[in-house]
Structure formats: C-alpha cells, structure tokens
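This is target18.cif. It holds mmCIF, C-alpha atoms and all ligand atoms.
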```
data_input
loop_
_atom_site.label_atom_id
_atom_site.label_comp_id
_atom_site.auth_asym_id
_atom_site.auth_seq_id
_atom_site.Cartn_x
_atom_site.Cartn_y
_atom_site.Cartn_z
CA MET A 480 -26.17 74.74 -27.13
CA ASN A 481 -27.60 78.28 -26.91
CA VAL A 482 -29.38 80.49 -29.48
CA ARG A 483 -26.19 82.13 -30.78
CA GLU A 484 -24.34 78.82 -31.13
CA ALA A 485 -27.31 77.16 -32.86
CA ALA A 486 -27.56 80.03 -35.40
CA ALA A 487 -23.83 79.92 -36.14
CA SER A 488 -23.89 76.15 -36.44
CA LEU A 489 -26.82 76.21 -38.92
CA LEU A 490 -25.21 78.99 -40.98
CA GLY A 491 -21.99 76.98 -41.17
CA THR A 492 -23.72 73.78 -42.32
CA VAL A 493 -22.81 72.79 -45.90
CA SER A 494 -23.96 69.17 -45.91
CA GLU A 495 -26.87 67.24 -44.39
CA ARG A 496 -27.00 67.35 -40.60
CA ALA A 497 -29.18 66.03 -37.79
CA PRO A 498 -32.13 68.15 -36.62
CA LEU A 499 -31.37 70.49 -33.71
CA THR A 500 -34.08 68.80 -31.64
CA GLU A 501 -32.07 65.56 -31.52
CA SER A 502 -29.63 67.23 -29.14
CA TRP A 503 -32.03 69.97 -27.93
CA PRO A 504 -35.39 68.15 -27.49
CA GLU A 505 -37.00 70.99 -25.53
CA LEU A 506 -36.43 73.51 -28.36
CA ASP A 507 -39.74 75.36 -28.81
CA VAL A 508 -41.17 77.57 -31.54
CA ASP A 509 -40.35 80.88 -29.80
CA THR A 510 -36.73 79.86 -29.26
CA ALA A 511 -36.57 78.63 -32.85
CA TYR A 512 -37.62 82.10 -34.07
CA ALA A 513 -34.95 83.58 -31.78
CA ILE A 514 -32.38 81.35 -33.56
CA GLN A 515 -33.75 82.51 -36.94
CA ASP A 516 -33.44 86.17 -35.82
CA GLU A 517 -29.91 85.60 -34.54
CA ALA A 518 -28.89 83.97 -37.86
CA LEU A 519 -30.29 87.04 -39.65
CA ARG A 520 -28.25 89.29 -37.33
CA GLN A 521 -25.11 87.32 -38.19
CA ARG A 522 -25.86 87.51 -41.94
CA ARG A 523 -26.41 91.28 -41.73
CA ALA A 524 -23.14 91.62 -39.84
CA ARG A 525 -21.39 90.04 -42.83
CA GLY A 526 -23.03 92.48 -45.27
CA GLU A 527 -26.39 91.04 -46.30
CA THR A 528 -29.44 93.32 -46.44
CA LEU A 529 -32.90 92.33 -45.18
CA ILE A 530 -35.36 92.64 -48.09
CA GLY A 531 -38.48 90.88 -46.85
CA VAL A 532 -40.03 87.69 -45.56
CA LYS A 533 -41.32 84.41 -46.85
CA LEU A 534 -44.08 82.17 -45.68
CA GLY A 535 -43.70 78.42 -45.79
CA LEU A 536 -46.19 75.59 -45.57
CA THR A 537 -49.16 77.73 -46.61
CA SER A 538 -50.58 75.18 -49.06
CA ARG A 539 -52.02 71.76 -48.32
CA ALA A 540 -49.64 70.22 -50.88
CA LYS A 541 -46.66 71.44 -48.88
CA GLN A 542 -48.13 70.70 -45.45
CA GLU A 543 -49.00 67.13 -46.39
CA ARG A 544 -45.57 66.48 -47.92
CA MET A 545 -43.71 67.79 -44.85
CA GLY A 546 -46.15 66.40 -42.25
CA ILE A 547 -46.49 69.80 -40.56
CA ASP A 548 -49.83 71.63 -40.64
CA ALA A 549 -48.71 75.10 -39.44
CA PRO A 550 -47.51 77.91 -41.74
CA LEU A 551 -44.23 79.56 -40.75
CA LEU A 552 -42.20 82.69 -41.49
CA ALA A 553 -38.58 83.28 -42.44
CA TRP A 554 -36.30 86.13 -43.51
CA LEU A 555 -35.20 87.07 -47.04
CA THR A 556 -31.93 88.88 -47.78
CA ASP A 557 -30.45 90.31 -50.97
CA ALA A 558 -27.96 87.41 -51.09
CA MET A 559 -30.86 85.03 -51.81
CA VAL A 560 -32.01 86.72 -55.05
CA LEU A 561 -31.17 84.99 -58.35
CA PRO A 562 -31.45 86.78 -61.71
CA ALA A 563 -33.75 85.20 -64.31
CA GLY A 564 -32.29 82.07 -65.88
CA ALA A 565 -29.40 82.05 -63.45
CA PRO A 566 -27.74 78.82 -62.42
CA VAL A 567 -28.54 77.93 -58.82
CA PRO A 568 -25.26 77.75 -56.83
CA PRO A 569 -24.30 74.31 -55.48
CA LEU A 570 -26.55 73.27 -52.60
CA ILE A 571 -27.18 70.17 -50.48
CA HIS A 572 -30.44 68.82 -51.97
CA PRO A 573 -32.30 71.73 -53.62
CA ARG A 574 -35.99 71.70 -54.45
CA ALA A 575 -37.97 74.26 -56.47
CA GLU A 576 -41.48 75.57 -55.90
CA PRO A 577 -43.61 78.19 -57.68
CA GLU A 578 -44.79 81.10 -55.57
CA LEU A 579 -46.76 84.34 -55.81
CA VAL A 580 -44.60 87.24 -54.63
CA PHE A 581 -45.85 90.57 -53.28
CA VAL A 582 -43.93 93.83 -53.23
CA LEU A 583 -45.32 96.13 -50.55
CA GLY A 584 -46.15 99.75 -51.23
CA ARG A 585 -47.06 100.50 -47.63
CA ARG A 586 -46.14 99.34 -44.14
CA LEU A 587 -48.32 96.53 -42.81
CA ALA A 588 -48.43 95.98 -39.07
CA GLY A 589 -50.55 93.44 -37.19
CA PRO A 590 -52.59 92.60 -35.20
CA GLY A 591 -55.93 92.86 -36.97
CA VAL A 592 -54.70 92.77 -40.58
CA THR A 593 -57.26 91.16 -42.91
CA ALA A 594 -56.75 89.86 -46.44
CA ALA A 595 -58.42 93.01 -47.78
CA THR A 596 -56.25 95.46 -45.81
CA ALA A 597 -53.18 93.36 -46.64
CA LEU A 598 -53.92 93.47 -50.36
CA ALA A 599 -54.44 97.24 -50.20
CA ALA A 600 -50.83 97.62 -49.01
CA VAL A 601 -49.43 95.72 -52.02
CA ASP A 602 -47.84 97.66 -54.85
CA ARG A 603 -47.19 94.79 -57.31
CA VAL A 604 -47.55 91.02 -57.50
CA TYR A 605 -45.08 88.81 -59.39
CA GLY A 606 -44.62 85.14 -60.16
CA GLY A 607 -41.53 83.51 -58.72
CA ILE A 608 -39.66 80.30 -57.99
CA GLU A 609 -38.21 79.58 -54.57
CA ILE A 610 -35.27 77.20 -54.19
CA ILE A 611 -35.37 75.51 -50.81
CA ASP A 612 -32.52 73.49 -49.33
CA SER A 613 -33.06 72.10 -45.84
CA ARG A 614 -29.85 71.59 -43.91
CA TYR A 615 -31.42 68.50 -42.33
CA ALA A 616 -30.97 65.01 -43.77
CA ASP A 617 -33.85 63.93 -46.06
CA TYR A 618 -35.86 67.09 -45.17
CA ARG A 619 -36.81 65.42 -41.87
CA PHE A 620 -37.48 67.90 -39.10
CA THR A 621 -39.95 69.15 -36.52
CA LEU A 622 -41.59 72.59 -36.69
CA PRO A 623 -38.98 74.22 -34.36
CA ASP A 624 -36.13 72.65 -36.40
CA VAL A 625 -37.36 74.07 -39.69
CA ILE A 626 -38.12 77.50 -38.21
CA ALA A 627 -34.57 77.67 -36.80
CA ASP A 628 -33.28 76.74 -40.29
CA ASN A 629 -34.98 79.87 -41.75
CA ALA A 630 -37.66 77.61 -43.26
CA SER A 631 -35.21 75.77 -45.55
CA SER A 632 -34.66 79.01 -47.51
CA ALA A 633 -31.85 79.17 -50.05
CA TYR A 634 -32.56 81.32 -53.14
CA PHE A 635 -35.43 82.70 -55.20
CA GLY A 636 -36.06 84.26 -58.59
CA VAL A 637 -38.83 86.71 -59.48
CA GLY A 638 -40.50 86.89 -62.90
CA PRO A 639 -40.56 89.79 -65.36
CA VAL A 640 -44.22 90.84 -64.97
CA GLY A 641 -45.38 92.87 -61.96
CA LEU A 642 -49.07 93.81 -61.83
CA PRO A 643 -51.17 95.81 -59.34
CA PRO A 644 -53.10 93.13 -57.42
CA SER A 645 -56.42 94.82 -58.20
CA THR A 646 -56.00 93.90 -61.88
CA LEU A 647 -56.27 90.13 -61.43
CA ASP A 648 -57.96 87.51 -59.27
CA LEU A 649 -55.03 85.97 -57.43
CA SER A 650 -57.05 82.99 -56.25
CA LEU A 651 -57.43 82.05 -59.93
CA GLU A 652 -53.87 82.91 -61.01
CA ALA A 653 -52.51 79.61 -62.29
CA THR A 654 -49.01 78.21 -62.49
CA LEU A 655 -47.66 75.35 -64.56
CA LEU A 656 -44.46 73.92 -63.11
CA GLU A 657 -42.15 72.57 -65.82
CA VAL A 658 -38.98 70.51 -65.35
CA ASP A 659 -36.86 69.88 -68.46
CA GLY A 660 -39.79 70.39 -70.80
CA GLN A 661 -42.34 68.31 -68.84
CA ILE A 662 -45.23 69.84 -66.90
CA VAL A 663 -44.93 68.18 -63.50
CA ASP A 664 -47.57 70.04 -61.44
CA THR A 665 -50.17 72.80 -61.58
CA ALA A 666 -51.99 74.96 -59.03
CA THR A 667 -53.79 78.26 -58.63
CA GLY A 668 -53.34 80.96 -56.00
CA ALA A 669 -56.28 79.49 -54.07
CA ALA A 670 -53.87 76.74 -52.98
CA VAL A 671 -52.18 79.34 -50.76
CA GLN A 672 -54.49 79.71 -47.74
CA GLY A 673 -57.51 80.15 -50.08
CA HIS A 674 -55.98 83.40 -51.40
CA PRO A 675 -52.37 84.62 -51.15
CA ALA A 676 -53.59 87.82 -49.46
CA GLU A 677 -54.61 85.59 -46.52
CA ALA A 678 -50.97 84.48 -46.30
CA LEU A 679 -49.84 88.11 -46.38
CA ALA A 680 -52.25 88.99 -43.56
CA LEU A 681 -51.00 85.96 -41.62
CA ALA A 682 -47.40 87.23 -41.99
CA ALA A 683 -48.32 90.75 -40.83
CA ASN A 684 -50.23 89.44 -37.81
CA ALA A 685 -47.52 86.91 -36.86
CA LEU A 686 -44.83 89.59 -37.08
CA GLY A 687 -47.09 91.98 -35.14
CA ALA A 688 -47.24 89.47 -32.31
CA ARG A 689 -43.42 89.70 -32.19
CA GLY A 690 -43.47 93.54 -32.24
CA LEU A 691 -42.38 93.63 -35.91
CA ALA A 692 -44.00 94.76 -39.17
CA LEU A 693 -43.77 94.31 -42.93
CA GLU A 694 -42.02 97.37 -44.33
CA PRO A 695 -42.62 99.34 -47.59
CA GLY A 696 -40.61 97.91 -50.49
CA TRP A 697 -40.27 94.47 -48.87
CA LEU A 698 -40.87 91.32 -50.86
CA VAL A 699 -43.18 88.68 -49.43
CA LEU A 700 -43.02 85.14 -50.85
CA THR A 701 -46.41 83.70 -50.01
CA GLY A 702 -45.49 79.99 -50.02
CA GLY A 703 -45.19 77.14 -52.49
CA MET A 704 -48.37 76.72 -54.56
CA THR A 705 -47.48 73.10 -55.42
CA ASP A 706 -45.27 70.58 -53.70
CA ALA A 707 -41.56 71.33 -54.24
CA VAL A 708 -39.73 69.34 -56.94
CA PRO A 709 -36.08 68.22 -56.71
CA LEU A 710 -33.73 70.43 -58.74
CA ARG A 711 -31.02 68.21 -60.21
CA SER A 712 -27.69 69.44 -61.53
CA GLY A 713 -28.03 70.39 -65.22
CA SER A 714 -31.82 70.45 -65.00
CA ARG A 715 -34.02 73.45 -65.84
CA VAL A 716 -37.15 74.41 -63.91
CA ALA A 717 -39.71 76.94 -65.10
CA ALA A 718 -42.94 78.29 -63.61
CA HIS A 719 -45.41 79.64 -66.15
CA PHE A 720 -48.10 81.91 -64.68
CA SER A 721 -51.35 82.81 -66.42
CA HIS A 722 -50.87 86.61 -66.17
CA LEU A 723 -47.46 87.00 -64.52
CA GLY A 724 -45.15 85.58 -67.18
CA SER A 725 -42.57 82.83 -66.74
CA VAL A 726 -39.59 82.36 -64.44
CA THR A 727 -36.78 79.92 -65.20
CA LEU A 728 -33.86 78.74 -63.05
CA SER A 729 -31.23 76.10 -63.79
CA GLY A 730 -29.72 73.51 -61.54
O1 LIG B 801 -40.41 72.40 -47.39
C1 LIG B 801 -39.73 72.65 -46.39
O2 LIG B 801 -38.50 72.49 -46.33
C2 LIG B 801 -40.45 73.14 -45.16
C3 LIG B 801 -40.20 74.56 -44.91
C4 LIG B 801 -41.04 75.48 -45.70
C5 LIG B 801 -40.35 75.83 -46.94
C6 LIG B 801 -41.25 76.59 -47.87
O3 LIG B 801 -42.44 76.22 -48.01
O4 LIG B 801 -40.78 77.55 -48.47
MG MG B 802 -41.41 78.46 -50.33
#
```

Structure re-expressed in structure tokens:
Amino acid sequence: MNVREAAASLLGTVSERAPLTESWPELDVDTAYAIQDEALRQRRARGETLIGVKLGLTSRAKQERMGIDAPLLAWLTDAMVLPAGAPVPPLIHPRAEPELVFVLGRRLAGPGVTAATALAAVDRVYGGIEIIDSRYADYRFTLPDVIADNASSAYFGVGPVGLPPSTLDLSLEATLLEVDGQIVDTATGAAVQGHPAEALALAANALGARGLALEPGWLVLTGGMTDAVPLRSGSRVAAHFSHLGSVTLSG
C-alpha cells in the first residue's frame, strides 16, 4: 500500500477496520502525516474547505485512556461542523469530548511560538464538543495509525459564546460534561497541556516544522479536556462551560 491508497482506503471506511500497521508495520509518524495530508487533498477535491486544525491527546485523561503519551494534529474541514443541537450523523462508534476552541485573528507560524505569543494571535475562544469516531476496531491503534486516520476526527459543534482570551483565565475555565441529564465528568482548561495556549503553541510549532502555519480565521480545537464518552443513538450530550455557555449535540 502507498500513501495515496492508504488515504483513499481510510476515507472509504464505514465500519471498523484493522489498523494500517497490521499490514504496514514500518509505517512511521512522518508517513502517517503524509497520509493525513493526502486524505485532506482528496476531501478538498470533492468540495470540502479547510477551516483549521485540531489537537488530540493533549490531556492526561485522553493520553492514559488511549495509551499514547504524544499529542497529535489533524485537519478540520467545513463538512465536520455541526450546528448547535444537531443530530450527529450515523457513525461507527462515536464518542464525545468537551474542548476549548480558538478562532485565530492573526497568522501563527512556528518555530519559536510560546503560549503568550500564541494567545496574542487569538481573536475569540469558544466552548465546543468534538465527536470522534476511530475507523479502527475498539479504538485500538498505534500513534502512526491514529495520525493517518486524521486523529479519529468526525464532527464538532461550537458554543454560542465567543470571548477575547484576555477576558478570562483559560486554565481555570471549567466544563461539566453531561449525558442524558447526568454529569459524567468535569475538568478545567489546565487539563490541556497546563493551559490551552500551550496546545496552540504546540500546533503552530509542529506545523512550522512541516513548513506550514495556522492561518487567520482558522479554528483550533485544543484537545479533549476530559476522557471521551460514548455517544449512543438517541442520547444527548452537553458541555457546560463556566464562562463560554453550553453546547449540546444528540446521538
Ligand atoms: O481518542 C482518540 O481516538 C485518539 C485520537 C485523538 C482524538 C482526540 O483527542 O481528539
Ligand atoms: Mg478531540
């Protein structure tokens, strides 16, 4: 299998499959990002627009659950955005996680980006929910597998309140994650690399190493604050933020 075939095969997957590394054991992280980039190229060729990036595995809760201790990046397109309250389209085995979402006012290009310079490039911060849906059976994968799978990305919704980041302490911004009326988990922004601006700087520097940058107007999902929870059909998941309002999606 080559990069183009792997990207097409992942994009065409609609039910659980084996990890790429079972048949391609030498697949490395750089090649996995090349597969991710090729899948983005194929999605753009069919009409999707690139609108930003997401980070995954930026919190200890997520890293411990997935058994991988390295954050990773993936692409966001307009086809992944869900309006508030919207039903999540049928997926393989969706999970939901609350995230802090930046909208960039200025271009941010690594290397050398710090949390402070990253935050200065942010126009607004929002609360959000990401819906992940690994194409791999039981969410079992290696780091190259999950990178090639665009970090399990499926959909996301962004909340109604966007604030300039200077108006709140994002390390203290709290979320309550609710499923069908029960609070199932809580976290603050400090769960995301100590401060979500650290995750933003990480994204800018990682893209910089690949000759890329975060562009003005892009969204950046900074990573699940809590572990992800399964989203069952007919179920309703909400993330309530202390200053950024609430976001609700339905399975
Ligand atoms: O949870 C996973 O499927 C691992 C990839 C990272 C996804 C995320 O944190 O958004
Ligand atoms: Mg996420």

(request) Give me, please, the distance in Å between atom CA of Pro623 of chain A and atom CA of Arg586 of chain A, quoted to one decimal. (result) 27.9 Å

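Counting all atoms listed in the file and comparing A:Ile571, A:Val592, A:Ala630, A:Val726, the residue that lies closest to Leu536 of chain A is A:Ala630.
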
(request) For segment 501-516 of chain A, list every protein, DNA or RNA residue within 7 Å, evaluated using only C-alpha atoms, and leave out those in the same chain fewer than 6 positions away; present the list as a ChimeraX atom specification. (result) /A:482-483,485-486,623-624,626-629

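Residue nearest ligand LIG 801 (chain B), chosen from A:Glu484, A:Glu609, A:Glu677, A:Glu652 and counting all atoms listed in the file: A:Glu609.
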
(request) Write out as a count of residues only which residues come within 12 Å of Gly546 of chain A when counting only C-alpha atoms, dropping same-chain ones fewer than 5 positions away. (result) 11

(message) Show me which residues are within 8 Å of ligand LIG 801 (chain B) counting only C-alpha atoms and all ligand atoms, and format the list as a PyMOL selection string.
(response) chain A and resi 533-537+541+544-545+550-551+576+609-613+618+625-626+630-632+702-703+707

Mind giving me the axis-aligned box for segment 537-549 of chain A with 6 Å on every side, centre plus edges in Å to one decimal, as lines of an AutoDock Vina configuration file?
```
center_x = -47.9
center_y = 72.1
center_z = -45.2
size_x = 20.3
size_y = 23.3
size_z = 23.4
```

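Minimum distance to ligand MG 802 (chain B) across A:Ala594, A:Met559, A:Ala575, A:Leu693 (counting all atoms listed in the file) occurs at A:Ala575.
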
Expected answer as a PDB file with C-alpha atoms, keeping the file's coordinate frame: all residues with atoms within 6 Å of (-32.6, 84.4, -61.7), only C-alpha atoms:
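Result went into point.pdb, see below:
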```
ATOM      1  CA  LEU A 561     -31.170  84.990 -58.350  1.00  0.00           C
ATOM      2  CA  PRO A 562     -31.450  86.780 -61.710  1.00  0.00           C
ATOM      3  CA  ALA A 563     -33.750  85.200 -64.310  1.00  0.00           C
ATOM      4  CA  GLY A 564     -32.290  82.070 -65.880  1.00  0.00           C
ATOM      5  CA  ALA A 565     -29.400  82.050 -63.450  1.00  0.00           C
ATOM      6  CA  GLY A 636     -36.060  84.260 -58.590  1.00  0.00           C
ATOM      7  CA  LEU A 728     -33.860  78.740 -63.050  1.00  0.00           C
TER       8      LEU A 728
END
```

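Using all atoms listed in the file, the nearest neighbour of Phe720 of chain A within the list A:Ala678, A:Val671, A:Ala599, A:Leu579 is A:Leu579.
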
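For Val699 of chain A, the set of protein, DNA and RNA residues having any atom at most 7 Å away, when counting only C-alpha atoms and skipping those fewer than 5 positions along the same chain, is Gly531, Val532, Lys533, Val580, Phe581 and Val582 of chain A.
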
(request) Find the spatial neighbours of Ala595 of chain A, counting all atoms listed in the file, within a cut-off of 12 Å - ignore same-chain residues fewer than 2 positions away - and output them as a ChimeraX atom specification. (result) /A:587,591-593,597-601,644-645,674-681

(message) Rounded to one decimal, what separation in Å do you get between atom CA of Val604 of chain A and atom CA of Pro643 of chain A?
(response) 6.3 Å

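Comparing the minimum interatomic distances between Leu698 of chain A and each of A:Leu529, A:Ala666, A:Ala558, A:Ala718, counting only C-alpha atoms, we find that A:Leu529 sits nearest.
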